[in-house]
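Text of the file final-v7.cif, holding mmCIF, N, CA and C atoms:
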data_my_file
#
loop_
_atom_site.group_PDB
_atom_site.id
_atom_site.type_symbol
_atom_site.label_atom_id
_atom_site.label_comp_id
_atom_site.auth_asym_id
_atom_site.auth_seq_id
_atom_site.Cartn_x
_atom_site.Cartn_y
_atom_site.Cartn_z
ATOM 1 N N MET I 1 -8.923 1.531 1.334
ATOM 2 C CA MET I 1 -8.572 2.575 2.284
ATOM 3 C C MET I 1 -7.234 3.179 1.865
ATOM 4 N N ALA I 2 -7.129 4.504 1.877
ATOM 5 C CA ALA I 2 -5.893 5.185 1.530
ATOM 6 C C ALA I 2 -4.830 4.891 2.573
ATOM 7 N N GLU I 3 -3.573 4.933 2.120
ATOM 8 C CA GLU I 3 -2.477 4.563 3.020
ATOM 9 C C GLU I 3 -2.397 5.479 4.244
ATOM 10 N N PHE I 4 -2.589 6.799 4.054
ATOM 11 C CA PHE I 4 -2.524 7.709 5.204
ATOM 12 C C PHE I 4 -3.644 7.414 6.188
ATOM 13 N N GLU I 5 -4.831 7.110 5.698
ATOM 14 C CA GLU I 5 -5.942 6.757 6.585
ATOM 15 C C GLU I 5 -5.617 5.501 7.379
ATOM 16 N N ARG I 6 -4.964 4.561 6.730
ATOM 17 C CA ARG I 6 -4.551 3.333 7.416
ATOM 18 C C ARG I 6 -3.524 3.653 8.496
ATOM 19 N N GLU I 7 -2.587 4.556 8.193
ATOM 20 C CA GLU I 7 -1.588 4.971 9.188
ATOM 21 C C GLU I 7 -2.261 5.593 10.399
ATOM 22 N N VAL I 8 -3.236 6.463 10.155
ATOM 23 C CA VAL I 8 -3.943 7.121 11.257
ATOM 24 C C VAL I 8 -4.694 6.086 12.087
ATOM 25 N N GLN I 9 -5.347 5.145 11.431
ATOM 26 C CA GLN I 9 -6.090 4.095 12.133
ATOM 27 C C GLN I 9 -5.159 3.280 13.038
ATOM 28 N N ILE I 10 -4.019 2.901 12.516
ATOM 29 C CA ILE I 10 -3.062 2.116 13.301
ATOM 30 C C ILE I 10 -2.469 2.963 14.422
ATOM 31 N N ALA I 11 -2.139 4.208 14.129
ATOM 32 C CA ALA I 11 -1.602 5.101 15.160
ATOM 33 C C ALA I 11 -2.603 5.273 16.297
ATOM 34 N N GLU I 12 -3.879 5.402 15.966
ATOM 35 C CA GLU I 12 -4.914 5.530 16.998
ATOM 36 C C GLU I 12 -4.940 4.305 17.912
ATOM 37 N N ARG I 13 -4.729 3.134 17.350
ATOM 38 C CA ARG I 13 -4.676 1.919 18.181
ATOM 39 C C ARG I 13 -3.531 1.997 19.182
ATOM 40 N N PHE I 14 -2.368 2.447 18.720
ATOM 41 C CA PHE I 14 -1.225 2.566 19.623
ATOM 42 C C PHE I 14 -1.448 3.672 20.647
ATOM 43 N N ILE I 15 -2.015 4.787 20.219
ATOM 44 C CA ILE I 15 -2.290 5.889 21.149
ATOM 45 C C ILE I 15 -3.211 5.413 22.264
ATOM 46 N N GLN I 16 -4.259 4.678 21.925
ATOM 47 C CA GLN I 16 -5.178 4.155 22.933
ATOM 48 C C GLN I 16 -4.477 3.164 23.853
ATOM 49 N N ALA I 17 -3.608 2.345 23.293
ATOM 50 C CA ALA I 17 -2.901 1.356 24.110
ATOM 51 C C ALA I 17 -1.921 2.019 25.078
ATOM 52 N N PHE I 18 -1.393 3.181 24.702
ATOM 53 C CA PHE I 18 -0.377 3.852 25.513
ATOM 54 C C PHE I 18 -0.932 5.005 26.334
ATOM 55 N N VAL I 19 -2.242 5.109 26.450
ATOM 56 C CA VAL I 19 -2.864 6.265 27.093
ATOM 57 C C VAL I 19 -2.382 6.465 28.537
ATOM 58 N N THR I 20 -2.055 5.413 29.254
ATOM 59 C CA THR I 20 -1.622 5.548 30.645
ATOM 60 C C THR I 20 -0.103 5.487 30.789
ATOM 61 N N THR I 21 0.611 5.623 29.691
ATOM 62 C CA THR I 21 2.070 5.587 29.733
ATOM 63 C C THR I 21 2.628 6.947 29.340
ATOM 64 N N ASN I 22 3.932 7.043 29.336
ATOM 65 C CA ASN I 22 4.572 8.283 28.896
ATOM 66 C C ASN I 22 5.102 8.142 27.462
ATOM 67 N N LEU I 23 4.497 7.255 26.677
ATOM 68 C CA LEU I 23 4.905 7.069 25.291
ATOM 69 C C LEU I 23 4.080 7.981 24.383
ATOM 70 N N GLU I 24 4.730 8.492 23.349
ATOM 71 C CA GLU I 24 4.073 9.385 22.396
ATOM 72 C C GLU I 24 4.143 8.773 21.006
ATOM 73 N N VAL I 25 3.064 8.889 20.257
ATOM 74 C CA VAL I 25 2.975 8.336 18.905
ATOM 75 C C VAL I 25 2.911 9.493 17.912
ATOM 76 N N LYS I 26 3.819 9.484 16.913
ATOM 77 C CA LYS I 26 3.825 10.523 15.887
ATOM 78 C C LYS I 26 3.611 9.886 14.520
ATOM 79 N N ILE I 27 2.736 10.501 13.728
ATOM 80 C CA ILE I 27 2.450 10.039 12.375
ATOM 81 C C ILE I 27 3.252 10.881 11.381
ATOM 82 N N GLU I 28 3.758 10.218 10.318
ATOM 83 C CA GLU I 28 4.539 10.904 9.283
ATOM 84 C C GLU I 28 5.670 11.717 9.908
ATOM 85 N N ASP I 29 6.453 11.059 10.731
ATOM 86 C CA ASP I 29 7.550 11.712 11.433
ATOM 87 C C ASP I 29 8.710 11.958 10.466
ATOM 88 N N LYS I 30 9.233 13.178 10.468
ATOM 89 C CA LYS I 30 10.302 13.568 9.550
ATOM 90 C C LYS I 30 11.654 13.506 10.248
ATOM 91 N N TRP I 31 12.628 12.893 9.575
ATOM 92 C CA TRP I 31 14.001 12.820 10.071
ATOM 93 C C TRP I 31 14.926 13.369 9.000
ATOM 94 N N GLN I 32 15.803 14.255 9.393
ATOM 95 C CA GLN I 32 16.772 14.846 8.474
ATOM 96 C C GLN I 32 18.150 14.285 8.801
ATOM 97 N N THR I 33 18.790 13.680 7.824
ATOM 98 C CA THR I 33 20.172 13.238 7.995
ATOM 99 C C THR I 33 21.058 14.180 7.198
ATOM 100 N N SER I 34 22.349 13.984 7.268
ATOM 101 C CA SER I 34 23.257 14.846 6.507
ATOM 102 C C SER I 34 23.104 14.631 5.002
ATOM 103 N N ILE I 35 22.547 13.502 4.617
ATOM 104 C CA ILE I 35 22.425 13.169 3.195
ATOM 105 C C ILE I 35 21.006 13.337 2.669
ATOM 106 N N LEU I 36 20.014 12.986 3.468
ATOM 107 C CA LEU I 36 18.646 12.975 2.959
ATOM 108 C C LEU I 36 17.624 13.245 4.042
ATOM 109 N N ARG I 37 16.390 13.454 3.605
ATOM 110 C CA ARG I 37 15.262 13.635 4.514
ATOM 111 C C ARG I 37 14.379 12.403 4.385
ATOM 112 N N ARG I 38 14.021 11.809 5.506
ATOM 113 C CA ARG I 38 13.183 10.608 5.492
ATOM 114 C C ARG I 38 11.928 10.850 6.307
ATOM 115 N N TYR I 39 10.835 10.276 5.842
ATOM 116 C CA TYR I 39 9.567 10.303 6.558
ATOM 117 C C TYR I 39 9.218 8.879 6.948
ATOM 118 N N PHE I 40 8.883 8.689 8.199
ATOM 119 C CA PHE I 40 8.490 7.373 8.682
ATOM 120 C C PHE I 40 7.012 7.402 9.014
ATOM 121 N N ASP I 41 6.319 6.336 8.673
ATOM 122 C CA ASP I 41 4.866 6.301 8.830
ATOM 123 C C ASP I 41 4.446 6.620 10.257
ATOM 124 N N ILE I 42 4.969 5.847 11.206
ATOM 125 C CA ILE I 42 4.639 6.056 12.623
ATOM 126 C C ILE I 42 5.907 5.820 13.443
ATOM 127 N N VAL I 43 6.150 6.700 14.401
ATOM 128 C CA VAL I 43 7.281 6.514 15.323
ATOM 129 C C VAL I 43 6.746 6.644 16.737
ATOM 130 N N ILE I 44 7.156 5.716 17.587
ATOM 131 C CA ILE I 44 6.772 5.747 19.001
ATOM 132 C C ILE I 44 7.981 6.232 19.801
ATOM 133 N N TYR I 45 7.750 7.255 20.619
ATOM 134 C CA TYR I 45 8.812 7.868 21.416
ATOM 135 C C TYR I 45 8.588 7.647 22.901
ATOM 136 N N LYS I 46 9.692 7.527 23.597
ATOM 137 C CA LYS I 46 9.695 7.610 25.058
ATOM 138 C C LYS I 46 10.537 8.838 25.370
ATOM 139 N N GLY I 47 9.852 9.915 25.717
ATOM 140 C CA GLY I 47 10.542 11.200 25.851
ATOM 141 C C GLY I 47 10.966 11.665 24.467
ATOM 142 N N ILE I 48 12.264 11.939 24.314
ATOM 143 C CA ILE I 48 12.769 12.355 23.005
ATOM 144 C C ILE I 48 13.384 11.199 22.225
ATOM 145 N N HIS I 49 13.376 10.026 22.822
ATOM 146 C CA HIS I 49 14.035 8.875 22.211
ATOM 147 C C HIS I 49 13.042 7.976 21.481
ATOM 148 N N PRO I 50 13.274 7.730 20.191
ATOM 149 C CA PRO I 50 12.398 6.806 19.468
ATOM 150 C C PRO I 50 12.661 5.371 19.921
ATOM 151 N N ILE I 51 11.594 4.639 20.193
ATOM 152 C CA ILE I 51 11.775 3.237 20.586
ATOM 153 C C ILE I 51 11.256 2.271 19.531
ATOM 154 N N ALA I 52 10.354 2.748 18.652
ATOM 155 C CA ALA I 52 9.836 1.863 17.598
ATOM 156 C C ALA I 52 9.460 2.678 16.369
ATOM 157 N N VAL I 53 9.753 2.103 15.210
ATOM 158 C CA VAL I 53 9.361 2.682 13.933
ATOM 159 C C VAL I 53 8.403 1.702 13.273
ATOM 160 N N ILE I 54 7.275 2.216 12.774
ATOM 161 C CA ILE I 54 6.248 1.361 12.186
ATOM 162 C C ILE I 54 6.077 1.733 10.715
ATOM 163 N N GLU I 55 6.210 0.745 9.843
ATOM 164 C CA GLU I 55 5.963 0.917 8.412
ATOM 165 C C GLU I 55 4.611 0.315 8.101
ATOM 166 N N VAL I 56 3.736 1.102 7.497
ATOM 167 C CA VAL I 56 2.391 0.647 7.152
ATOM 168 C C VAL I 56 2.332 0.411 5.650
ATOM 169 N N LYS I 57 1.921 -0.765 5.265
ATOM 170 C CA LYS I 57 1.802 -1.135 3.854
ATOM 171 C C LYS I 57 0.371 -1.534 3.548
ATOM 172 N N ASN I 58 0.004 -1.447 2.271
ATOM 173 C CA ASN I 58 -1.352 -1.818 1.864
ATOM 174 C C ASN I 58 -1.615 -3.301 2.057
ATOM 175 N N ARG I 59 -0.637 -4.116 1.714
ATOM 176 C CA ARG I 59 -0.796 -5.559 1.910
ATOM 177 C C ARG I 59 0.574 -6.201 2.033
ATOM 178 N N LEU I 60 0.602 -7.255 2.787
ATOM 179 C CA LEU I 60 1.846 -7.991 3.004
ATOM 180 C C LEU I 60 1.682 -9.462 2.637
ATOM 181 N N SER I 61 0.689 -9.771 1.844
ATOM 182 C CA SER I 61 0.426 -11.169 1.490
ATOM 183 C C SER I 61 1.537 -11.757 0.635
ATOM 184 N N ASN I 62 2.220 -10.927 -0.130
ATOM 185 C CA ASN I 62 3.308 -11.372 -0.981
ATOM 186 C C ASN I 62 4.623 -11.298 -0.192
ATOM 187 N N LYS I 63 5.416 -12.350 -0.253
ATOM 188 C CA LYS I 63 6.687 -12.372 0.497
ATOM 189 C C LYS I 63 7.649 -11.291 0.017
ATOM 190 N N ASN I 64 7.568 -10.917 -1.249
ATOM 191 C CA ASN I 64 8.437 -9.842 -1.753
ATOM 192 C C ASN I 64 8.081 -8.508 -1.110
ATOM 193 N N TYR I 65 6.791 -8.218 -0.967
ATOM 194 C CA TYR I 65 6.371 -6.982 -0.305
ATOM 195 C C TYR I 65 6.847 -6.958 1.142
ATOM 196 N N LEU I 66 6.749 -8.094 1.807
ATOM 197 C CA LEU I 66 7.199 -8.184 3.199
ATOM 198 C C LEU I 66 8.707 -7.970 3.293
ATOM 199 N N ALA I 67 9.464 -8.546 2.375
ATOM 200 C CA ALA I 67 10.919 -8.385 2.383
ATOM 201 C C ALA I 67 11.314 -6.926 2.164
ATOM 202 N N ILE I 68 10.646 -6.261 1.242
ATOM 203 C CA ILE I 68 10.934 -4.845 0.980
ATOM 204 C C ILE I 68 10.590 -4.003 2.207
ATOM 205 N N ALA I 69 9.440 -4.261 2.805
ATOM 206 C CA ALA I 69 9.023 -3.511 3.994
ATOM 207 C C ALA I 69 9.969 -3.757 5.159
ATOM 208 N N THR I 70 10.429 -4.990 5.305
ATOM 209 C CA THR I 70 11.379 -5.318 6.376
ATOM 210 C C THR I 70 12.692 -4.566 6.173
ATOM 211 N N ASP I 71 13.173 -4.495 4.935
ATOM 212 C CA ASP I 71 14.388 -3.717 4.652
ATOM 213 C C ASP I 71 14.175 -2.242 4.981
ATOM 214 N N GLN I 72 12.995 -1.716 4.658
ATOM 215 C CA GLN I 72 12.701 -0.315 4.967
ATOM 216 C C GLN I 72 12.706 -0.063 6.463
ATOM 217 N N VAL I 73 12.125 -0.978 7.226
ATOM 218 C CA VAL I 73 12.071 -0.769 8.675
ATOM 219 C C VAL I 73 13.461 -0.945 9.294
ATOM 220 N N ARG I 74 14.276 -1.824 8.766
ATOM 221 C CA ARG I 74 15.657 -1.951 9.266
ATOM 222 C C ARG I 74 16.451 -0.680 8.989
ATOM 223 N N SER I 75 16.250 -0.089 7.828
ATOM 224 C CA SER I 75 16.892 1.179 7.509
ATOM 225 C C SER I 75 16.413 2.271 8.463
ATOM 226 N N ALA I 76 15.119 2.296 8.727
ATOM 227 C CA ALA I 76 14.553 3.287 9.646
ATOM 228 C C ALA I 76 15.138 3.138 11.047
ATOM 229 N N ILE I 77 15.316 1.908 11.478
ATOM 230 C CA ILE I 77 15.899 1.660 12.800
ATOM 231 C C ILE I 77 17.329 2.177 12.865
ATOM 232 N N SER I 78 18.090 1.962 11.810
ATOM 233 C CA SER I 78 19.475 2.430 11.840
ATOM 234 C C SER I 78 19.552 3.958 11.819
ATOM 235 N N ILE I 79 18.608 4.609 11.144
ATOM 236 C CA ILE I 79 18.597 6.081 11.103
ATOM 237 C C ILE I 79 18.141 6.661 12.440
ATOM 238 N N THR I 80 17.098 6.105 13.016
ATOM 239 C CA THR I 80 16.518 6.673 14.238
ATOM 240 C C THR I 80 17.156 6.138 15.510
ATOM 241 N N ASN I 81 17.857 5.032 15.399
ATOM 242 C CA ASN I 81 18.441 4.333 16.545
ATOM 243 C C ASN I 81 17.360 3.767 17.474
ATOM 244 N N ALA I 82 16.180 3.506 16.904
ATOM 245 C CA ALA I 82 15.104 2.861 17.667
ATOM 246 C C ALA I 82 15.456 1.385 17.841
ATOM 247 N N ARG I 83 14.903 0.778 18.857
ATOM 248 C CA ARG I 83 15.175 -0.633 19.088
ATOM 249 C C ARG I 83 14.270 -1.538 18.265
ATOM 250 N N PHE I 84 13.012 -1.142 18.101
ATOM 251 C CA PHE I 84 12.041 -2.012 17.460
ATOM 252 C C PHE I 84 11.569 -1.465 16.123
ATOM 253 N N GLY I 85 11.254 -2.375 15.228
ATOM 254 C CA GLY I 85 10.628 -2.039 13.964
ATOM 255 C C GLY I 85 9.399 -2.902 13.800
ATOM 256 N N ILE I 86 8.358 -2.321 13.266
ATOM 257 C CA ILE I 86 7.114 -3.050 13.054
ATOM 258 C C ILE I 86 6.673 -2.802 11.618
ATOM 259 N N VAL I 87 6.334 -3.881 10.930
ATOM 260 C CA VAL I 87 5.766 -3.794 9.587
ATOM 261 C C VAL I 87 4.349 -4.330 9.689
ATOM 262 N N THR I 88 3.379 -3.569 9.156
ATOM 263 C CA THR I 88 1.988 -3.998 9.265
ATOM 264 C C THR I 88 1.178 -3.590 8.053
ATOM 265 N N ASP I 89 0.128 -4.345 7.820
ATOM 266 C CA ASP I 89 -0.884 -3.975 6.823
ATOM 267 C C ASP I 89 -2.233 -3.811 7.519
ATOM 268 N N ALA I 90 -2.220 -3.604 8.812
ATOM 269 C CA ALA I 90 -3.379 -3.439 9.695
ATOM 270 C C ALA I 90 -4.030 -4.765 10.059
ATOM 271 N N GLU I 91 -3.624 -5.846 9.436
ATOM 272 C CA GLU I 91 -4.119 -7.169 9.802
ATOM 273 C C GLU I 91 -3.009 -8.020 10.398
ATOM 274 N N ASN I 92 -1.840 -7.955 9.781
ATOM 275 C CA ASN I 92 -0.680 -8.716 10.238
ATOM 276 C C ASN I 92 0.372 -7.737 10.743
ATOM 277 N N TYR I 93 1.036 -8.131 11.824
ATOM 278 C CA TYR I 93 2.096 -7.320 12.405
ATOM 279 C C TYR I 93 3.357 -8.162 12.492
ATOM 280 N N TYR I 94 4.458 -7.642 11.937
ATOM 281 C CA TYR I 94 5.748 -8.314 11.995
ATOM 282 C C TYR I 94 6.687 -7.426 12.799
ATOM 283 N N PHE I 95 7.254 -7.998 13.864
ATOM 284 C CA PHE I 95 8.113 -7.247 14.769
ATOM 285 C C PHE I 95 9.571 -7.580 14.505
ATOM 286 N N TYR I 96 10.400 -6.564 14.581
ATOM 287 C CA TYR I 96 11.833 -6.727 14.423
ATOM 288 C C TYR I 96 12.510 -6.057 15.611
ATOM 289 N N ASP I 97 13.359 -6.791 16.297
ATOM 290 C CA ASP I 97 14.106 -6.276 17.445
ATOM 291 C C ASP I 97 15.568 -6.244 17.038
ATOM 292 N N ARG I 98 16.160 -5.069 16.988
ATOM 293 C CA ARG I 98 17.542 -4.977 16.509
ATOM 294 C C ARG I 98 18.519 -5.681 17.436
ATOM 295 N N ASN I 99 18.114 -5.966 18.664
ATOM 296 C CA ASN I 99 18.995 -6.667 19.598
ATOM 297 C C ASN I 99 18.949 -8.177 19.440
ATOM 298 N N GLU I 100 18.042 -8.661 18.612
ATOM 299 C CA GLU I 100 17.918 -10.113 18.384
ATOM 300 C C GLU I 100 18.514 -10.448 17.035
ATOM 301 N N LYS I 101 19.101 -11.612 16.918
ATOM 302 C CA LYS I 101 19.718 -12.034 15.661
ATOM 303 C C LYS I 101 18.679 -12.469 14.638
ATOM 304 N N ASP I 102 17.563 -13.071 15.093
ATOM 305 C CA ASP I 102 16.552 -13.613 14.167
ATOM 306 C C ASP I 102 15.499 -12.580 13.857
#
Please lay out the structure from this file as structure tokens.
Amino acid sequence: MAEFEREVQIAERFIQAFVTTNLEVKIEDKWQTSILRRYFDIVIYKGIHPIAVIEVKNRLSNKNYLAIATDQVRSAISITNARFGIVTDAENYYFYDRNEKD
């Protein structure tokens, strides 16, 4: 499955889960900083505020891939000021809460 198709599939799961809430799910969300332009696979918003950034990877079976994806989601959290980061390969989900030390 192509990576974008996987992103859409995962985004659809979140959209269905949030259907009765005021949360919005955006795919391939673009963020412009003073230095660079970044695209995030999926961002969940409450109003105009991002609350979670989701990085979708083809596979996370290798610990190195997971470490790289975790670094990417931590960077995304610092750029967007979202509280949560999620790394997934559509089978496994790893959650990161910037307010927690672990």
Please identify which residues in stretch 2-92 of chain I DSSP calls helix (DSSP H, G or I) from the backbone, and express them as an NGL selection string.
:I and (3-17 or 63-80)
Matched chain/residue IDs from the PyMOL selection byres (((chain I and resi 74 and name CA) around 12) and name CA), as a PyMOL selection string
chain I and resi 40+52-55+67-73+75-87+95-99
Contacts of stretch 22-32 of chain I at 6 Å or less, counting all atoms listed in the file, minus same-chain residues fewer than 2 places along, as number ranges by chain?
I: 18, 20, 34, 36-47
Taking only chain I into account, list the residues labelled strand (DSSP E) by DSSP (computed from the backbone), as a short mmCIF file (atom, residue, chain, number, x, y, z; two decimals) with N, CA and C atoms, keeping the file's coordinate frame.
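This is the output file selection_36.cif:
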data_model
loop_
_atom_site.label_atom_id
_atom_site.label_comp_id
_atom_site.auth_asym_id
_atom_site.auth_seq_id
_atom_site.Cartn_x
_atom_site.Cartn_y
_atom_site.Cartn_z
N LEU I 23 4.50 7.26 26.68
CA LEU I 23 4.90 7.07 25.29
C LEU I 23 4.08 7.98 24.38
N GLU I 24 4.73 8.49 23.35
CA GLU I 24 4.07 9.38 22.40
C GLU I 24 4.14 8.77 21.01
N VAL I 25 3.06 8.89 20.26
CA VAL I 25 2.98 8.34 18.90
C VAL I 25 2.91 9.49 17.91
N LYS I 26 3.82 9.48 16.91
CA LYS I 26 3.82 10.52 15.89
C LYS I 26 3.61 9.89 14.52
N ILE I 27 2.74 10.50 13.73
CA ILE I 27 2.45 10.04 12.38
C ILE I 27 3.25 10.88 11.38
N GLU I 28 3.76 10.22 10.32
CA GLU I 28 4.54 10.90 9.28
C GLU I 28 5.67 11.72 9.91
N ASP I 29 6.45 11.06 10.73
CA ASP I 29 7.55 11.71 11.43
C ASP I 29 8.71 11.96 10.47
N LYS I 30 9.23 13.18 10.47
CA LYS I 30 10.30 13.57 9.55
C LYS I 30 11.65 13.51 10.25
N TRP I 31 12.63 12.89 9.57
CA TRP I 31 14.00 12.82 10.07
C TRP I 31 14.93 13.37 9.00
N GLN I 32 15.80 14.26 9.39
CA GLN I 32 16.77 14.85 8.47
C GLN I 32 18.15 14.28 8.80
N ARG I 37 16.39 13.45 3.60
CA ARG I 37 15.26 13.64 4.51
C ARG I 37 14.38 12.40 4.38
N ARG I 38 14.02 11.81 5.51
CA ARG I 38 13.18 10.61 5.49
C ARG I 38 11.93 10.85 6.31
N TYR I 39 10.84 10.28 5.84
CA TYR I 39 9.57 10.30 6.56
C TYR I 39 9.22 8.88 6.95
N PHE I 40 8.88 8.69 8.20
CA PHE I 40 8.49 7.37 8.68
C PHE I 40 7.01 7.40 9.01
N ASP I 41 6.32 6.34 8.67
CA ASP I 41 4.87 6.30 8.83
C ASP I 41 4.45 6.62 10.26
N ILE I 42 4.97 5.85 11.21
CA ILE I 42 4.64 6.06 12.62
C ILE I 42 5.91 5.82 13.44
N VAL I 43 6.15 6.70 14.40
CA VAL I 43 7.28 6.51 15.32
C VAL I 43 6.75 6.64 16.74
N ILE I 44 7.16 5.72 17.59
CA ILE I 44 6.77 5.75 19.00
C ILE I 44 7.98 6.23 19.80
N TYR I 45 7.75 7.26 20.62
CA TYR I 45 8.81 7.87 21.42
C TYR I 45 8.59 7.65 22.90
N LYS I 46 9.69 7.53 23.60
CA LYS I 46 9.70 7.61 25.06
C LYS I 46 10.54 8.84 25.37
N HIS I 49 13.38 10.03 22.82
CA HIS I 49 14.04 8.88 22.21
C HIS I 49 13.04 7.98 21.48
N PRO I 50 13.27 7.73 20.19
CA PRO I 50 12.40 6.81 19.47
C PRO I 50 12.66 5.37 19.92
N ILE I 51 11.59 4.64 20.19
CA ILE I 51 11.78 3.24 20.59
C ILE I 51 11.26 2.27 19.53
N ALA I 52 10.35 2.75 18.65
CA ALA I 52 9.84 1.86 17.60
C ALA I 52 9.46 2.68 16.37
N VAL I 53 9.75 2.10 15.21
CA VAL I 53 9.36 2.68 13.93
C VAL I 53 8.40 1.70 13.27
N ILE I 54 7.28 2.22 12.77
CA ILE I 54 6.25 1.36 12.19
C ILE I 54 6.08 1.73 10.72
N GLU I 55 6.21 0.74 9.84
CA GLU I 55 5.96 0.92 8.41
C GLU I 55 4.61 0.32 8.10
N VAL I 56 3.74 1.10 7.50
CA VAL I 56 2.39 0.65 7.15
C VAL I 56 2.33 0.41 5.65
N PHE I 84 13.01 -1.14 18.10
CA PHE I 84 12.04 -2.01 17.46
C PHE I 84 11.57 -1.46 16.12
N GLY I 85 11.25 -2.38 15.23
CA GLY I 85 10.63 -2.04 13.96
C GLY I 85 9.40 -2.90 13.80
N ILE I 86 8.36 -2.32 13.27
CA ILE I 86 7.11 -3.05 13.05
C ILE I 86 6.67 -2.80 11.62
N VAL I 87 6.33 -3.88 10.93
CA VAL I 87 5.77 -3.79 9.59
C VAL I 87 4.35 -4.33 9.69
N THR I 88 3.38 -3.57 9.16
CA THR I 88 1.99 -4.00 9.26
C THR I 88 1.18 -3.59 8.05
N TYR I 93 1.04 -8.13 11.82
CA TYR I 93 2.10 -7.32 12.40
C TYR I 93 3.36 -8.16 12.49
N TYR I 94 4.46 -7.64 11.94
CA TYR I 94 5.75 -8.31 12.00
C TYR I 94 6.69 -7.43 12.80
N PHE I 95 7.25 -8.00 13.86
CA PHE I 95 8.11 -7.25 14.77
C PHE I 95 9.57 -7.58 14.50
N TYR I 96 10.40 -6.56 14.58
CA TYR I 96 11.83 -6.73 14.42
C TYR I 96 12.51 -6.06 15.61
N ASP I 97 13.36 -6.79 16.30
CA ASP I 97 14.11 -6.28 17.44
C ASP I 97 15.57 -6.24 17.04
#
For the atom pair atom CA of I:Arg13 and atom CA of I:Ala90, what is the interatomic distance in Å to one decimal place?
10.1 Å
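Nearest to I:Glu3 of all the residues I:Thr88, I:Tyr93, I:His49, I:Glu100 is I:Thr88, counting only C-alpha atoms.
Interatomic distance, atom N of I:Val56 against atom N of I:Ile15: 14.4 Å.
Note that the spacing between atom N of I:Phe4 and atom N of I:Leu66 amounts to 17.7 Å.
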Please return the centre and edge lengths, in Å to one decimal, of a box with edges along x, y and z that contains all listed atoms of stretch 23-39 of chain I, widened by 6 Å on every side, as JSON.
{"center_x": 12.9, "center_y": 11.0, "center_z": 14.7, "size_x": 32.8, "size_y": 19.8, "size_z": 36.0}
